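Chemist: To start, I am sharing the structure in question, which I have written as structure tokens.
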Amino acid sequence: MTITLTDTPARSRADLVTLDERFAVVARGDEYVERLYDGGRWLEGPVYVPAWRSLVFSDIPNDRLLRWDELSGAVSIFRQPAGYTNGNTLDAQGRLISCEQGNRRVTRTEADGSLTVLASHLNGLRLNSPNDVVVRRDGSIWFTDPPYGITSNYEGHAAEQEIAGCNVYRLSPDGSDLTVVADDFTRPNGLAFSLDESQLYVVDTPAKHIRRFEVKGDRLVGGEVFAPCQAGMFDGLRLDAAGRVWAATHEGVHCFDPDGTLIGKLLFPDVVSNLCFGGPKRNRLFVTATTSVYSWLLTTDGAPPPYDRG
């Protein structure tokens, strides 16, 4: 099934707010943002798939994964039902890794379209509802596990929480060992590695901040607050090629220097849930904002994905 919004993406002036001169280097791109799609209920988890020249994203309450084709502009259903998928990423082989918060598991989409369950239980207990996920260069998979998919039937299936607390997990490269790497969050959400993977940034949404941990092998240490949210709450986040942190907020996308300074904003009319970099040069910012998907071509590139890291 193909869903077409318009033949030509709707454009509006880019509402940029420069708070620090360091933002100027990334804000010299398009003077407008494009709305690529506006038919969702609550959109999340965008990931750009170079092999398909497409953006895959989640429409959680409608229990479907959608796919926007970069060449034709068409939007089609990639998978439905989709286990109320939330966050998505790619592994080192370019395979889709998804957090199915309704099915309470992390899965991998194989080349033939079949699904492999990577994680669903910890010590015999079901996970809460995996939310967002990243893959490290060594093949390990790190994900957050708040209870959003089990608190009601809106974004999953109402159920009892079996694991005390809301944790951040690491799944070993061979998939045999799932361990808790952080257990002191209210509700962990978006996460992203620094460029050299020596640090991990993790959002705690109700706490309204981003924390930064040191990565020591298969462990996390530290966890100081990297940045507070000045507009509602944080959700998803990604890094660019210079190590700047781009975070979804209620008013738009906030850009932070690696030293934690908020240097600029890209404002949207809707609450922003998540974002990713994509396109052939990784210099196109894709943003999911409530019912819509937007894009903005800018003058910086996204951080290299797992399959393209030296």
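Every chain in the structure tokens has a letter given in the order shown (A, B, ...), and although residue numbers restart at 1 in each chain, ligands are simply numbered from 1 in the order shown.
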Just the residues within 6 Å of A:Phe78, please, counting only C-alpha atoms, with nothing from its chain fewer than 6 positions along; format it as a list in words.

Modeler: Leu65, Leu66 and Arg67 of chain A

Chemist: Could you produce a table of the residues of stretch 17-45 of chain A lying within 10 Å of stretch 282-297 of chain A, with the nearest pair of atoms per residue and their separation in Å rounded to one decimal, using only C-alpha atoms, ordered by chain and increasing residue number, as a tab-separated table?

Modeler:
residue	atom	partner	partner_atom	distance
A:Val26	CA	A:Leu297	CA	9.8
A:Ala27	CA	A:Leu297	CA	9.4
A:Arg28	CA	A:Leu297	CA	9.2
A:Gly29	CA	A:Leu297	CA	5.7
A:Asp30	CA	A:Leu297	CA	5.6
A:Glu31	CA	A:Trp296	CA	8.7
A:Tyr32	CA	A:Trp296	CA	7.1
A:Val33	CA	A:Trp296	CA	5.0
A:Glu34	CA	A:Ser295	CA	5.3
A:Arg35	CA	A:Tyr294	CA	4.4
A:Leu36	CA	A:Val293	CA	5.5
A:Tyr37	CA	A:Val293	CA	5.2
A:Asp38	CA	A:Ser292	CA	4.2
A:Gly39	CA	A:Thr291	CA	5.9
A:Gly40	CA	A:Thr291	CA	4.3
A:Arg41	CA	A:Thr291	CA	5.1
A:Trp42	CA	A:Thr290	CA	4.8
A:Leu43	CA	A:Thr290	CA	5.6
A:Glu44	CA	A:Thr288	CA	5.8
A:Gly45	CA	A:Thr288	CA	7.7

Chemist: For stretch 136-140 of chain A, work out the shell of residues within 7 Å, counting only C-alpha atoms and skipping chain neighbours fewer than 3 positions away, then give it as a list in words.

Modeler: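 Listing them by chain and then by number gives Ala92, Arg170, Leu171, Ser172, Pro173 and Pro306 of chain A.
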
Chemist: Output as a PDB file with C-alpha atoms, in the first residue's frame all residues of stretch 148-257 of chain A that backbone DSSP marks as strand (DSSP E).

Modeler:
ATOM      1  CA  CYS A 166      13.529   1.037  33.909  1.00  0.00           C
ATOM      2  CA  ASN A 167      17.000   0.095  32.750  1.00  0.00           C
ATOM      3  CA  VAL A 168      19.548   0.614  30.021  1.00  0.00           C
ATOM      4  CA  TYR A 169      20.762  -2.702  28.572  1.00  0.00           C
ATOM      5  CA  ARG A 170      23.688  -4.086  26.612  1.00  0.00           C
ATOM      6  CA  LEU A 171      23.327  -7.177  24.446  1.00  0.00           C
ATOM      7  CA  LEU A 178      21.932  -9.354  28.154  1.00  0.00           C
ATOM      8  CA  THR A 179      23.117  -7.167  31.023  1.00  0.00           C
ATOM      9  CA  VAL A 180      21.885  -4.076  32.849  1.00  0.00           C
ATOM     10  CA  VAL A 181      24.367  -1.229  32.381  1.00  0.00           C
ATOM     11  CA  ALA A 182      22.381   1.522  34.125  1.00  0.00           C
ATOM     12  CA  ASP A 183      19.495   1.141  36.570  1.00  0.00           C
ATOM     13  CA  ASP A 184      19.081   4.610  38.089  1.00  0.00           C
ATOM     14  CA  PHE A 185      16.768   6.191  35.513  1.00  0.00           C
ATOM     15  CA  PRO A 188      15.383   6.230  29.910  1.00  0.00           C
ATOM     16  CA  ASN A 189      14.642   7.116  26.315  1.00  0.00           C
ATOM     17  CA  GLY A 190      16.881   8.223  23.409  1.00  0.00           C
ATOM     18  CA  LEU A 191      20.559   7.311  23.406  1.00  0.00           C
ATOM     19  CA  ALA A 192      23.642   7.793  21.217  1.00  0.00           C
ATOM     20  CA  PHE A 193      27.359   7.071  21.334  1.00  0.00           C
ATOM     21  CA  GLN A 199      30.844   7.923  25.898  1.00  0.00           C
ATOM     22  CA  LEU A 200      27.132   7.188  25.819  1.00  0.00           C
ATOM     23  CA  TYR A 201      24.485   9.910  25.992  1.00  0.00           C
ATOM     24  CA  VAL A 202      21.122   8.818  27.433  1.00  0.00           C
ATOM     25  CA  VAL A 203      17.927  10.827  27.840  1.00  0.00           C
ATOM     26  CA  ASP A 204      15.881  10.553  31.030  1.00  0.00           C
ATOM     27  CA  HIS A 209      17.859  16.006  31.048  1.00  0.00           C
ATOM     28  CA  ILE A 210      20.512  14.145  29.066  1.00  0.00           C
ATOM     29  CA  ARG A 211      23.146  12.190  30.973  1.00  0.00           C
ATOM     30  CA  ARG A 212      26.626  11.287  29.738  1.00  0.00           C
ATOM     31  CA  PHE A 213      28.382   8.071  30.734  1.00  0.00           C
ATOM     32  CA  GLU A 214      31.915   6.792  30.174  1.00  0.00           C
ATOM     33  CA  VAL A 215      31.955   3.463  28.358  1.00  0.00           C
ATOM     34  CA  LYS A 216      34.394   1.010  29.919  1.00  0.00           C
ATOM     35  CA  ARG A 219      30.094  -1.250  31.483  1.00  0.00           C
ATOM     36  CA  LEU A 220      28.968   2.324  32.000  1.00  0.00           C
ATOM     37  CA  VAL A 221      30.460   4.571  34.680  1.00  0.00           C
ATOM     38  CA  GLY A 222      29.621   8.098  35.754  1.00  0.00           C
ATOM     39  CA  GLY A 223      26.397   9.441  34.321  1.00  0.00           C
ATOM     40  CA  GLU A 224      26.540  13.144  35.127  1.00  0.00           C
ATOM     41  CA  VAL A 225      23.960  15.496  33.629  1.00  0.00           C
ATOM     42  CA  PHE A 226      25.168  16.693  30.231  1.00  0.00           C
ATOM     43  CA  ALA A 227      22.311  19.112  29.514  1.00  0.00           C
ATOM     44  CA  PRO A 228      18.909  20.062  30.967  1.00  0.00           C
ATOM     45  CA  LEU A 237      18.855  12.236  20.038  1.00  0.00           C
ATOM     46  CA  ARG A 238      21.643  11.826  17.504  1.00  0.00           C
ATOM     47  CA  LEU A 239      25.177  13.184  16.963  1.00  0.00           C
ATOM     48  CA  VAL A 245      24.348  16.475  20.136  1.00  0.00           C
ATOM     49  CA  TRP A 246      20.976  17.014  18.422  1.00  0.00           C
ATOM     50  CA  ALA A 247      18.004  16.352  20.680  1.00  0.00           C
ATOM     51  CA  ALA A 248      14.240  16.243  20.170  1.00  0.00           C
ATOM     52  CA  GLY A 252      11.815  21.409  18.082  1.00  0.00           C
ATOM     53  CA  VAL A 253      15.393  20.190  17.756  1.00  0.00           C
ATOM     54  CA  HIS A 254      18.064  21.546  20.115  1.00  0.00           C
ATOM     55  CA  CYS A 255      21.745  21.439  19.145  1.00  0.00           C
ATOM     56  CA  PHE A 256      24.405  21.161  21.865  1.00  0.00           C
TER      57      PHE A 256
END

Chemist: Between A:His157, A:Arg126, A:Arg79, A:His121, which residue has the minimum interatomic distance to A:Gly102, considering only C-alpha atoms?

Modeler: A:His157
